[in-house]
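Q: First the structure, then my questions, so here it is.
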Amino acid sequence: MRDAIIAQILEKKIIAIVRGLPEAQAVPLAGALLAGGIELIEVTFNQAAPDSFQCTAGAIAAIKAACGDKMRVGAGTVMTPAQLRLAHDAGAGFVISPNVDEAVIKETRALGLVSLPGCMTPSECAAAHSYGADFIKIFPAGVLGPGYFTALRAPLSHLKFLAVGGVDCANIPDFLRAGALGFGIGGSLVNKDWIAAGRFDLITAAAREYVRAANFA
């Protein structure tokens with residue numbers, strides 16, 4: 001499964017970031033994203049609300065049960081081994097974090113999952129890679145800009161970089177030219193107002209635009 005998910009991230013490029021949605025909304029959202037051509041979804045843990053962790057795991061399990069291998073489901077904002085195990089047991093295939101945590105990265109690999117920790121500095125990127133990270137999530141990419149990716153890749157061209165935070169359809173081509181291999185997209189794609197209104201057609205339309213931007217070449 002690891003190799004298939006890595007290949008899918010490289011091919012499809014877009015990971016939709018889902019925050020704070022119950023199972024009842026997560027499943028139709030996943031269907032809307034699939035209809036728009038997005039096949040990777042990250043369901044995030046809310047670190048400020050530990051009581052919600054089981055709901056996050058439930059959403060991961062529900063999407064996996066409804067979509068099967070058509071949608072690759074991962075867990076986001078994973079910061080502890082306990083959260084990692086919860087995600088694994090729910091069926092997550094990849095794990096994304098906002099930080100570099102040696103124990104989380106190594107346990108992710110030991111469980112056979114794909115590791116995507118968040119980094120900013122060259123030292124963090126190199127450390128994450130040495131711990132076994134499959135991809136390096138540069139965050140916040142929109143603040144740092146495509147030029148930062150170009151500079152990072154000069155000494156670290158052997159790493160696989162993703163851009164997350166402040167990425168949109170307009171700047172995706174610039175990040176691709178700078179060496180980004182994929183993107184995490186949150187509120188501009190998974191719009192909570194659209195979800196609340198039941199306008200999943202708008203999410204499908206936005207997904208198509210992001211897919212088009214990621215394949216501009």
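If you're wondering about the labels, chains in the structure tokens are A, B, ... by order shown, residues count from 1 in each chain, ligands from 1 in order shown.
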List every residue of segment 180-213 of chain A that DSSP, applied to the backbone of this structure, assigns to strand (DSSP E or B), and report them as a list in words.

A: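 Here is the list: Gly182, Phe183, Gly184 and Ile185 of chain A.
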
Q: Write down as a ChimeraX atom specification the residues of segment 35-132 of chain A whose backbone DSSP state falls under helix (DSSP H, G or I).

A: /A:35,50-70,81-90,102-110,122-131

Q: Any chance you could tabulate, as JSON lines, the residues of segment 46-88 of chain A at most 6 Å from segment 96-101 of chain A with each one's nearest atom pair and distance in Å to one decimal, using only C-alpha atoms, in chain and rising number order?

A:
```
{"residue": "A:Gly76", "atom": "CA", "partner": "A:Ile96", "partner_atom": "CA", "distance": 4.6}
{"residue": "A:Thr77", "atom": "CA", "partner": "A:Ser97", "partner_atom": "CA", "distance": 4.5}
{"residue": "A:Val78", "atom": "CA", "partner": "A:Ser97", "partner_atom": "CA", "distance": 4.9}
```

Q: So that I can see what lies close to Thr121 of chain A, please list as a PDB file with C-alpha atoms, in the first residue's frame the residues with an atom at most 12 Å from it, counting only C-alpha atoms and leaving out residues fewer than 6 positions away in the same chain.

A:
```pdb
ATOM      1  CA  ASN A  99       6.240  19.389  12.745  1.00  0.00           C
ATOM      2  CA  VAL A 100       9.192  16.994  12.803  1.00  0.00           C
ATOM      3  CA  ALA A 127      16.366  15.519   9.953  1.00  0.00           C
ATOM      4  CA  ALA A 128      12.913  14.400   8.800  1.00  0.00           C
ATOM      5  CA  ILE A 136       8.668  16.834   3.245  1.00  0.00           C
ATOM      6  CA  LYS A 137       5.739  19.197   3.768  1.00  0.00           C
ATOM      7  CA  ILE A 138       6.958  22.775   3.530  1.00  0.00           C
ATOM      8  CA  PHE A 139       4.673  24.913   5.679  1.00  0.00           C
ATOM      9  CA  PRO A 140       3.617  27.699   5.417  1.00  0.00           C
ATOM     10  CA  ALA A 141       4.406  27.576   1.702  1.00  0.00           C
ATOM     11  CA  LEU A 144       7.747  31.404   2.056  1.00  0.00           C
ATOM     12  CA  TYR A 148      12.134  29.346  -1.127  1.00  0.00           C
ATOM     13  CA  PHE A 149      11.522  25.962  -2.793  1.00  0.00           C
ATOM     14  CA  ALA A 151      16.648  27.662  -2.781  1.00  0.00           C
ATOM     15  CA  LEU A 152      15.888  24.541  -0.707  1.00  0.00           C
ATOM     16  CA  ARG A 153      16.199  22.222  -3.662  1.00  0.00           C
ATOM     17  CA  LEU A 156      18.358  19.063  -1.013  1.00  0.00           C
TER      18      LEU A 156
END
```

Q: Need the shell around segment 57-73 of chain A: protein/DNA/RNA residues with any atom at most 7 Å away, counting only C-alpha atoms. Skip same-chain ones fewer than 2 positions apart. Format as a ChimeraX atom specification?

A: /A:22-23,26-27,30,39-43,53-55,86-87,90-93

Q: State, in Å with one decimal place, the distance from atom CA of Thr44 of chain A to atom CA of Ala110 of chain A.

A: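 These two atoms are separated by 20.9 Å.
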
Q: Wanna dump the segment 53-170 of chain A-segment 1-13 of chain A contacts at 10 Å for me, each residue with its shortest atom pair and the distance in Å to one decimal, counting only C-alpha atoms, ordered by chain and number, as JSON lines?

A:
```
{"residue": "A:Asp69", "atom": "CA", "partner": "A:Ile5", "partner_atom": "CA", "distance": 9.9}
{"residue": "A:Arg72", "atom": "CA", "partner": "A:Ile5", "partner_atom": "CA", "distance": 7.2}
{"residue": "A:Val73", "atom": "CA", "partner": "A:Ile5", "partner_atom": "CA", "distance": 9.6}
{"residue": "A:Gly74", "atom": "CA", "partner": "A:Ile5", "partner_atom": "CA", "distance": 10.0}
{"residue": "A:Gly93", "atom": "CA", "partner": "A:Ile5", "partner_atom": "CA", "distance": 7.4}
{"residue": "A:Phe94", "atom": "CA", "partner": "A:Ile5", "partner_atom": "CA", "distance": 7.7}
{"residue": "A:Arg109", "atom": "CA", "partner": "A:Arg2", "partner_atom": "CA", "distance": 9.2}
{"residue": "A:Gly112", "atom": "CA", "partner": "A:Arg2", "partner_atom": "CA", "distance": 6.5}
{"residue": "A:Leu113", "atom": "CA", "partner": "A:Arg2", "partner_atom": "CA", "distance": 5.9}
{"residue": "A:Val114", "atom": "CA", "partner": "A:Arg2", "partner_atom": "CA", "distance": 5.9}
{"residue": "A:Ser115", "atom": "CA", "partner": "A:Arg2", "partner_atom": "CA", "distance": 9.5}
{"residue": "A:Asp134", "atom": "CA", "partner": "A:Ile6", "partner_atom": "CA", "distance": 7.8}
{"residue": "A:Phe135", "atom": "CA", "partner": "A:Ile6", "partner_atom": "CA", "distance": 8.7}
{"residue": "A:Lys160", "atom": "CA", "partner": "A:Leu10", "partner_atom": "CA", "distance": 9.2}
{"residue": "A:Leu162", "atom": "CA", "partner": "A:Lys13", "partner_atom": "CA", "distance": 8.6}
```

Q: By how many Å are atom CA of Arg208 of chain A and atom CA of Val164 of chain A apart?

A: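 According to the coordinates, atom CA of Arg208 of chain A and atom CA of Val164 of chain A are separated by 18.5 Å.
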
Q: What lies within 8 Å of Gly186 of chain A using only C-alpha atoms, ignoring chain neighbours under 3 positions off, as a count of residues only?

A: 7

Q: Could you please determine the separation between atom CA of Gly132 of chain A and atom CA of Tyr210 of chain A in Å, to one decimal place?

A: 29.2 Å

Q: Applying 9 Å and only C-alpha atoms, which residues near Val211 of chain A remain after dropping the ones on its own chain fewer than 6 positions away? List them as a ChimeraX atom specification.

A: /A:12-14,36-38,169

Q: May I have the residues from that selection written out with all heavy atoms, as a PDB file, in the first residue's frame?

A:
```pdb
ATOM      1  N   LYS A  12      -1.150  12.452  -8.706  1.00  0.00           N
ATOM      2  CA  LYS A  12      -2.361  13.274  -8.560  1.00  0.00           C
ATOM      3  C   LYS A  12      -2.083  14.656  -7.976  1.00  0.00           C
ATOM      4  O   LYS A  12      -2.844  15.602  -8.213  1.00  0.00           O
ATOM      5  CB  LYS A  12      -3.390  12.536  -7.708  1.00  0.00           C
ATOM      6  CG  LYS A  12      -3.833  11.198  -8.288  1.00  0.00           C
ATOM      7  CD  LYS A  12      -4.494  11.387  -9.652  1.00  0.00           C
ATOM      8  CE  LYS A  12      -4.980  10.055 -10.204  1.00  0.00           C
ATOM      9  NZ  LYS A  12      -5.657  10.227 -11.526  1.00  0.00           N
ATOM     10  N   LYS A  13      -1.068  14.754  -7.123  1.00  0.00           N
ATOM     11  CA  LYS A  13      -0.518  16.027  -6.612  1.00  0.00           C
ATOM     12  C   LYS A  13      -1.361  16.745  -5.566  1.00  0.00           C
ATOM     13  O   LYS A  13      -0.811  17.472  -4.744  1.00  0.00           O
ATOM     14  CB  LYS A  13      -0.235  16.991  -7.769  1.00  0.00           C
ATOM     15  CG  LYS A  13       0.772  16.493  -8.790  1.00  0.00           C
ATOM     16  CD  LYS A  13       1.033  17.558  -9.844  1.00  0.00           C
ATOM     17  CE  LYS A  13       2.052  17.120 -10.868  1.00  0.00           C
ATOM     18  NZ  LYS A  13       1.566  16.013 -11.705  1.00  0.00           N
ATOM     19  N   ILE A  14      -2.685  16.627  -5.595  1.00  0.00           N
ATOM     20  CA  ILE A  14      -3.534  17.404  -4.701  1.00  0.00           C
ATOM     21  C   ILE A  14      -4.059  16.540  -3.549  1.00  0.00           C
ATOM     22  O   ILE A  14      -4.663  15.491  -3.773  1.00  0.00           O
ATOM     23  CB  ILE A  14      -4.742  18.012  -5.447  1.00  0.00           C
ATOM     24  CG1 ILE A  14      -4.276  18.907  -6.605  1.00  0.00           C
ATOM     25  CG2 ILE A  14      -5.624  18.790  -4.481  1.00  0.00           C
ATOM     26  CD1 ILE A  14      -3.578  20.167  -6.178  1.00  0.00           C
ATOM     27  N   GLY A  36     -14.628  15.468  -8.694  1.00  0.00           N
ATOM     28  CA  GLY A  36     -13.805  16.518  -9.288  1.00  0.00           C
ATOM     29  C   GLY A  36     -12.396  16.085  -9.620  1.00  0.00           C
ATOM     30  O   GLY A  36     -11.594  16.897 -10.088  1.00  0.00           O
ATOM     31  N   GLY A  37     -12.066  14.826  -9.356  1.00  0.00           N
ATOM     32  CA  GLY A  37     -10.766  14.290  -9.737  1.00  0.00           C
ATOM     33  C   GLY A  37      -9.720  14.254  -8.635  1.00  0.00           C
ATOM     34  O   GLY A  37      -8.566  13.912  -8.893  1.00  0.00           O
ATOM     35  N   ILE A  38     -10.104  14.573  -7.395  1.00  0.00           N
ATOM     36  CA  ILE A  38      -9.159  14.523  -6.276  1.00  0.00           C
ATOM     37  C   ILE A  38      -9.322  13.197  -5.550  1.00  0.00           C
ATOM     38  O   ILE A  38     -10.423  12.843  -5.130  1.00  0.00           O
ATOM     39  CB  ILE A  38      -9.369  15.717  -5.324  1.00  0.00           C
ATOM     40  CG1 ILE A  38      -8.916  17.002  -6.024  1.00  0.00           C
ATOM     41  CG2 ILE A  38      -8.609  15.516  -4.010  1.00  0.00           C
ATOM     42  CD1 ILE A  38      -9.093  18.261  -5.211  1.00  0.00           C
ATOM     43  N   CYS A 169      -4.973  28.042  -6.829  1.00  0.00           N
ATOM     44  CA  CYS A 169      -4.856  27.730  -8.257  1.00  0.00           C
ATOM     45  C   CYS A 169      -3.896  28.678  -8.978  1.00  0.00           C
ATOM     46  O   CYS A 169      -3.233  28.279  -9.937  1.00  0.00           O
ATOM     47  CB  CYS A 169      -6.232  27.783  -8.915  1.00  0.00           C
ATOM     48  SG  CYS A 169      -7.326  26.413  -8.470  1.00  0.00           S
TER      49      CYS A 169
END
```

Q: Show which residues sit within 7 Å of Gly179 of chain A, as a short mmCIF file (atom, residue, chain, number, x, y, z; two decimals) with N, CA and C atoms, in the first residue's frame. Count only C-alpha atoms, and ignore same-chain residues fewer than 3 positions away.

A:
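The result, stored in out.cif:
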```
data_model
loop_
_atom_site.label_atom_id
_atom_site.label_comp_id
_atom_site.auth_asym_id
_atom_site.auth_seq_id
_atom_site.Cartn_x
_atom_site.Cartn_y
_atom_site.Cartn_z
N PHE A 149 11.39 27.34 -2.31
CA PHE A 149 11.52 25.96 -2.79
C PHE A 149 12.74 25.84 -3.70
N THR A 150 12.93 26.80 -4.57
CA THR A 150 14.09 26.78 -5.46
C THR A 150 15.38 26.77 -4.66
N PHE A 175 4.84 27.09 -8.00
CA PHE A 175 5.41 26.12 -7.07
C PHE A 175 5.89 24.87 -7.82
N LEU A 176 5.13 24.43 -8.81
CA LEU A 176 5.57 23.28 -9.60
C LEU A 176 6.89 23.56 -10.30
#
```

Q: Could you check which of A:Gly118, A:Leu34, A:Val104, A:Phe216 is closest to Pro81 of chain A, using only C-alpha atoms?

A: A:Val104
